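**Q** What follows is my_file34.txt, compact mmCIF, C-alpha atoms.
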```
# COMPACT_ATOMS: atom_id res chain seq x y z
CA MET A 1482 -68.27 16.55 -62.17
CA TYR A 1483 -67.75 19.15 -64.85
CA PHE A 1484 -64.31 20.75 -64.98
CA GLU A 1485 -63.88 24.01 -66.83
CA VAL A 1486 -60.42 25.49 -67.42
CA HIS A 1487 -59.62 28.98 -68.71
CA ASN A 1488 -55.95 29.42 -69.67
CA TRP A 1489 -54.96 33.06 -69.75
CA GLY A 1490 -51.37 34.15 -70.34
CA LEU A 1491 -48.70 32.11 -68.56
CA ASN A 1492 -45.22 33.60 -68.11
CA VAL A 1493 -42.59 32.08 -65.85
CA GLY A 1494 -39.23 33.66 -65.05
CA GLY A 1495 -36.97 30.82 -63.90
CA ILE A 1496 -37.27 27.23 -62.70
CA ASP A 1497 -34.53 25.52 -60.70
CA ILE A 1498 -34.89 21.79 -59.94
CA THR A 1499 -32.44 19.58 -58.06
CA ALA A 1500 -33.83 16.18 -59.08
CA ILE A 1501 -36.70 14.48 -60.87
CA ALA A 1502 -36.66 10.85 -59.77
CA SER A 1503 -38.63 7.58 -59.71
CA SER A 1504 -41.43 8.00 -62.25
CA SER A 1505 -41.78 11.74 -61.81
CA VAL A 1506 -42.74 14.22 -64.48
CA PHE A 1507 -41.78 17.81 -65.19
CA LEU A 1508 -43.98 19.11 -67.98
CA VAL A 1509 -44.17 22.49 -69.65
CA GLY A 1510 -47.31 22.03 -71.70
CA ASP A 1511 -50.71 20.33 -71.62
CA ASN A 1512 -51.57 16.74 -70.78
CA ASP A 1513 -54.64 14.52 -70.53
CA CYS A 1514 -53.68 11.49 -68.46
CA MET A 1515 -50.71 10.59 -66.24
CA GLN A 1516 -50.15 7.31 -64.43
CA LEU A 1517 -46.96 7.28 -62.44
CA GLN A 1518 -46.06 4.21 -60.39
CA SER A 1519 -43.02 3.54 -58.28
CA TYR A 1520 -42.28 0.44 -56.22
CA TYR A 1521 -39.61 0.32 -53.53
CA ASP A 1522 -38.13 -2.51 -51.50
CA THR A 1523 -35.76 -0.95 -48.98
CA PRO A 1524 -34.25 -2.58 -45.87
CA PRO A 1525 -34.91 -0.88 -42.53
CA GLU A 1526 -31.19 -0.05 -42.05
CA SER A 1527 -31.41 2.64 -44.69
CA TYR A 1528 -34.00 4.54 -42.69
CA ILE A 1529 -31.78 4.87 -39.60
CA VAL A 1530 -30.38 8.35 -39.91
CA GLY A 1531 -28.54 10.30 -37.25
CA SER A 1532 -27.19 9.58 -33.81
CA LEU A 1533 -26.97 5.99 -32.59
CA VAL A 1534 -26.45 7.21 -29.03
CA PRO A 1535 -29.71 6.88 -27.09
CA LEU A 1536 -30.88 10.22 -25.79
CA SER A 1537 -32.03 10.34 -22.18
CA ARG A 1538 -33.17 12.95 -19.73
CA GLU A 1539 -30.93 14.21 -16.97
CA ASP A 1540 -31.29 12.88 -13.39
CA GLY A 1541 -34.44 14.01 -11.70
CA GLU A 1542 -36.12 14.69 -15.01
CA SER A 1543 -37.28 11.15 -15.61
CA ILE A 1544 -40.93 10.46 -16.19
CA THR A 1545 -42.26 7.96 -13.68
CA ASN A 1546 -45.93 8.37 -14.36
CA VAL A 1547 -47.71 8.66 -17.69
CA SER A 1548 -49.87 11.49 -16.31
CA ASP A 1549 -46.65 13.53 -15.80
CA ILE A 1550 -46.37 13.94 -19.56
CA ASN A 1551 -49.52 16.00 -19.65
CA ASN A 1552 -48.33 18.39 -16.92
CA MET B 267 -56.09 24.65 -80.44
CA SER B 268 -53.30 23.29 -78.28
CA ARG B 269 -50.87 25.60 -76.58
CA THR B 270 -47.26 26.23 -77.58
CA SER B 271 -44.47 26.23 -75.03
CA THR B 272 -41.70 28.76 -75.58
CA ILE B 273 -38.60 28.20 -73.48
CA LYS B 274 -35.58 30.43 -73.85
CA LEU B 275 -33.01 28.27 -72.09
CA VAL B 276 -32.87 24.74 -70.66
CA ARG B 277 -29.93 23.22 -68.84
CA VAL B 278 -29.96 19.57 -67.74
CA ASN B 279 -26.84 18.29 -66.03
CA ASN B 280 -27.44 14.56 -65.70
CA MET B 281 -29.86 11.93 -67.08
CA ILE B 282 -29.76 8.20 -66.21
CA ASN B 283 -31.87 5.03 -65.99
CA SER B 284 -34.46 5.21 -68.79
CA CYS B 285 -35.68 8.76 -68.48
CA ILE B 286 -37.02 10.92 -71.29
CA PHE B 287 -36.25 14.48 -72.30
CA GLU B 288 -38.64 15.52 -75.03
CA ILE B 289 -38.88 18.74 -76.96
CA GLY B 290 -42.14 18.89 -78.90
CA ASP B 291 -45.45 17.05 -78.73
CA ALA B 292 -46.01 13.35 -78.07
CA THR B 293 -48.93 10.93 -77.91
CA ILE B 294 -47.74 8.36 -75.38
CA LEU B 295 -44.66 8.26 -73.16
CA LYS B 296 -44.01 4.97 -71.35
CA PRO B 297 -40.71 4.98 -69.47
CA LYS B 298 -39.95 1.91 -67.33
CA ALA B 299 -36.96 1.22 -65.11
CA ASN B 300 -35.88 -1.77 -63.04
CA VAL B 301 -33.05 -1.08 -60.61
CA ILE B 302 -31.12 -3.17 -58.09
CA ALA B 303 -29.09 -0.81 -55.92
CA ILE B 304 -26.42 -2.58 -53.89
CA GLN B 305 -24.56 -0.82 -51.12
CA LYS B 306 -21.79 -3.00 -49.77
CA GLU B 307 -19.47 -2.11 -46.93
CA GLY B 308 -15.94 -2.07 -48.38
CA GLY B 309 -17.09 -1.68 -51.99
CA ILE B 310 -18.50 -4.00 -54.65
CA LYS B 311 -16.44 -5.92 -57.23
CA SER B 312 -19.04 -7.31 -59.67
CA ASP B 313 -22.77 -7.53 -60.22
CA GLU B 314 -22.67 -11.31 -60.65
CA GLY B 315 -25.38 -13.22 -58.82
CA TYR B 316 -27.76 -10.28 -58.71
CA SER B 317 -30.42 -11.10 -61.26
CA PHE B 318 -33.81 -9.42 -61.57
CA SER B 319 -35.39 -12.88 -61.67
CA ASN B 320 -34.18 -13.52 -58.09
CA TYR B 321 -36.45 -10.83 -56.69
CA PRO B 322 -40.24 -11.03 -56.85
CA LEU B 323 -40.51 -7.21 -56.87
CA PHE B 324 -39.59 -7.19 -60.58
CA SER B 325 -41.99 -9.92 -61.72
CA LYS B 326 -44.97 -9.09 -59.52
CA LYS B 327 -47.98 -7.79 -61.39
CA PHE B 328 -49.77 -5.07 -59.50
CA ALA B 329 -53.35 -4.01 -60.09
CA PRO B 330 -53.47 -1.20 -62.67
CA LEU B 331 -54.38 2.26 -61.48
CA PRO B 332 -58.01 3.06 -62.23
CA LYS B 333 -58.60 5.39 -65.18
CA THR B 334 -60.86 8.23 -64.16
CA ILE B 335 -62.70 10.05 -66.87
CA ILE B 336 -63.48 13.63 -66.02
CA GLN B 337 -65.79 15.75 -68.09
CA LYS B 338 -63.85 18.87 -68.85
CA ALA B 339 -63.63 21.80 -71.20
CA THR B 340 -60.50 23.89 -71.74
CA PHE B 341 -60.54 27.41 -73.17
CA ASN B 342 -57.15 28.71 -74.26
CA HIS B 343 -57.45 32.49 -74.37
CA ASN B 344 -53.69 32.78 -74.83
CA ASN B 345 -51.97 30.01 -76.78
CA ASN B 346 -48.52 30.54 -75.35
CA ILE B 347 -46.67 29.25 -72.27
CA HIS B 348 -43.48 31.21 -71.79
CA VAL B 349 -40.58 30.19 -69.54
CA ASN B 350 -37.36 32.15 -69.42
CA ALA B 351 -34.96 29.57 -67.96
CA ILE B 352 -35.05 25.99 -66.64
CA ASP B 353 -32.17 24.49 -64.70
CA ILE B 354 -32.32 20.80 -63.76
CA THR B 355 -29.51 18.99 -61.97
CA GLY B 356 -30.66 15.37 -62.32
CA VAL B 357 -33.32 13.22 -63.97
CA THR B 358 -33.44 9.48 -63.10
CA ALA B 359 -35.47 6.24 -63.03
CA ALA B 360 -38.34 6.44 -65.52
CA SER B 361 -38.85 10.18 -65.19
CA VAL B 362 -39.94 12.59 -67.89
CA VAL B 363 -38.99 16.16 -68.74
CA GLN B 364 -41.04 17.53 -71.60
CA LEU B 365 -41.39 20.89 -73.27
CA GLY B 366 -44.60 20.49 -75.23
CA ASN B 367 -47.89 18.65 -75.09
CA VAL B 368 -48.50 14.99 -74.41
CA ASN B 369 -51.61 12.85 -74.34
CA THR B 370 -50.69 10.05 -71.96
CA ILE B 371 -47.79 9.33 -69.64
CA ASP B 372 -47.48 5.84 -68.18
CA ALA B 373 -44.35 5.58 -66.03
CA GLU B 374 -43.21 2.73 -63.81
CA SER B 375 -40.07 2.25 -61.74
CA ARG B 376 -39.10 -0.64 -59.49
CA LEU B 377 -36.25 -0.22 -57.06
CA LYS B 378 -34.68 -2.92 -54.91
CA HIS B 379 -32.22 -1.73 -52.28
CA ILE B 380 -29.72 -4.17 -50.82
CA ARG B 381 -27.36 -3.36 -47.96
CA ILE B 382 -24.47 -5.73 -47.21
CA LEU B 383 -22.58 -5.07 -43.99
CA GLN B 384 -19.19 -6.65 -43.31
CA SER B 385 -20.46 -8.27 -40.08
CA ASP B 386 -23.32 -9.96 -42.00
CA GLU B 387 -20.88 -11.31 -44.60
CA GLN B 388 -18.67 -12.89 -41.93
CA SER B 389 -21.61 -14.60 -40.29
CA ASP B 390 -22.67 -15.84 -43.75
CA GLU B 391 -19.22 -17.36 -44.27
CA GLN B 392 -19.42 -19.04 -40.87
CA VAL B 393 -22.73 -20.61 -41.85
CA HIS B 394 -21.15 -21.87 -45.09
CA MET B 395 -18.25 -23.41 -43.15
CA ILE B 396 -20.60 -25.16 -40.75
CA THR B 397 -22.69 -26.57 -43.59
CA LYS B 398 -19.52 -27.73 -45.38
CA LYS B 399 -18.37 -29.56 -42.24
CA ASN B 400 -21.74 -31.29 -42.04
CA ASP B 401 -21.40 -32.40 -45.67
```
Please render this file's structure as structure tokens.

**A**
Amino acid sequence: MYFEVHNWGLNVGGIDITAIASSSVFLVGDNDCMQLQSYYDTPPESYIVGSLVPLSREDGESITNVSDINN
Amino acid sequence: MSRTSTIKLVRVNNMINSCIFEIGDATILKPKANVIAIQKEGGIKSDEGYSFSNYPLFSKKFAPLPKTIIQKATFNHNNNIHVNAIDITGVTAASVVQLGNVNTIDAESRLKHIRILQSDEQSDEQVHMITKKND
């Protein structure tokens, strides 16, 4: 592969960033090589977001047959 | 000829956990961060007993990412990068903000999350009491 880059004028008005986290990079300039690694070990509890109440259909709406889903 | 970055205004609110904010050029940037994040129901009193050596995540050696060499040619017709304003709220955990050129960036962060619920703690204490009785 041959990669050819032509840099013409670059003008940016404004940049607004909330967060740069866990081996991330924000670069205004040129770069050759970037290797960014991030390892996580997170328990499953932290993924449970939202209502703990199981949601169910109203009476008469229940699916009794798998083929009903397609209809 | 390398390009020059011209930035009128930068505002960074918060930087923690081995991150880098660099103005100017660099050859190599190598930020590394090890973090144990404990969330305990009812609050935490001390960090005693939580050592990096207790968790294999921090000592494990992972296979390095392969280095790909790409044949490339860059033509800078305009040597300037202009940015009016940059506003960053937070930079954390082995991250980099740079205004300028850099050859290589090699960042690594390892994060261990621990959740301690009050119900788990009680059951832990019960186990301790049972084992003490057996002793």

**Q** Work out how far atom CA of Tyr1521 of chain A is from atom CA of Glu374 of chain B, in Å to one decimal.

**A**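 So the two atoms, atom CA of Glu374 of chain B and atom CA of Tyr1521 of chain A, lie 11.2 Å apart.
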
**Q** For a quick check of understanding, using only C-alpha atoms, which of A:Leu1517, A:Leu1491, A:Ile1498, A:Met1482 has the smallest distance to Asn342 of chain B?

**A**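 Smallest distance to Asn342 of chain B is found for A:Leu1491.
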
**Q** Could you list, as a short mmCIF file (atom, residue, chain, number, x, y, z; two decimals) with C-alpha atoms, in the coordinates of the input, every residue of chain A that has an atom within 8 Å of an atom of chain B, counting only C-alpha atoms?

**A**
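Wrote it out as result.cif, contents follow:
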```
data_model
loop_
_atom_site.label_atom_id
_atom_site.label_comp_id
_atom_site.auth_asym_id
_atom_site.auth_seq_id
_atom_site.Cartn_x
_atom_site.Cartn_y
_atom_site.Cartn_z
CA MET A 1482 -68.27 16.55 -62.17
CA TYR A 1483 -67.75 19.15 -64.85
CA PHE A 1484 -64.31 20.75 -64.98
CA GLU A 1485 -63.88 24.01 -66.83
CA VAL A 1486 -60.42 25.49 -67.42
CA HIS A 1487 -59.62 28.98 -68.71
CA ASN A 1488 -55.95 29.42 -69.67
CA TRP A 1489 -54.96 33.06 -69.75
CA GLY A 1490 -51.37 34.15 -70.34
CA LEU A 1491 -48.70 32.11 -68.56
CA ASN A 1492 -45.22 33.60 -68.11
CA VAL A 1493 -42.59 32.08 -65.85
CA GLY A 1494 -39.23 33.66 -65.05
CA GLY A 1495 -36.97 30.82 -63.90
CA ILE A 1496 -37.27 27.23 -62.70
CA ASP A 1497 -34.53 25.52 -60.70
CA ILE A 1498 -34.89 21.79 -59.94
CA THR A 1499 -32.44 19.58 -58.06
CA ALA A 1500 -33.83 16.18 -59.08
CA ILE A 1501 -36.70 14.48 -60.87
CA ALA A 1502 -36.66 10.85 -59.77
CA SER A 1503 -38.63 7.58 -59.71
CA SER A 1504 -41.43 8.00 -62.25
CA SER A 1505 -41.78 11.74 -61.81
CA VAL A 1506 -42.74 14.22 -64.48
CA PHE A 1507 -41.78 17.81 -65.19
CA LEU A 1508 -43.98 19.11 -67.98
CA VAL A 1509 -44.17 22.49 -69.65
CA GLY A 1510 -47.31 22.03 -71.70
CA ASP A 1511 -50.71 20.33 -71.62
CA ASN A 1512 -51.57 16.74 -70.78
CA ASP A 1513 -54.64 14.52 -70.53
CA CYS A 1514 -53.68 11.49 -68.46
CA MET A 1515 -50.71 10.59 -66.24
CA GLN A 1516 -50.15 7.31 -64.43
CA LEU A 1517 -46.96 7.28 -62.44
CA GLN A 1518 -46.06 4.21 -60.39
CA SER A 1519 -43.02 3.54 -58.28
CA TYR A 1520 -42.28 0.44 -56.22
CA TYR A 1521 -39.61 0.32 -53.53
CA ASP A 1522 -38.13 -2.51 -51.50
CA THR A 1523 -35.76 -0.95 -48.98
CA PRO A 1524 -34.25 -2.58 -45.87
CA GLU A 1526 -31.19 -0.05 -42.05
CA SER A 1527 -31.41 2.64 -44.69
#
```

**Q** For the atom pair atom CA of Ser325 of chain B and atom CA of Gly309 of chain B, what is the interatomic distance in Å to one decimal place?

**A** 28.0 Å

**Q** Can you work out the spacing between atom CA of Ile310 of chain B and atom CA of Pro1525 of chain A in Å, to one decimal?

**A** 20.6 Å
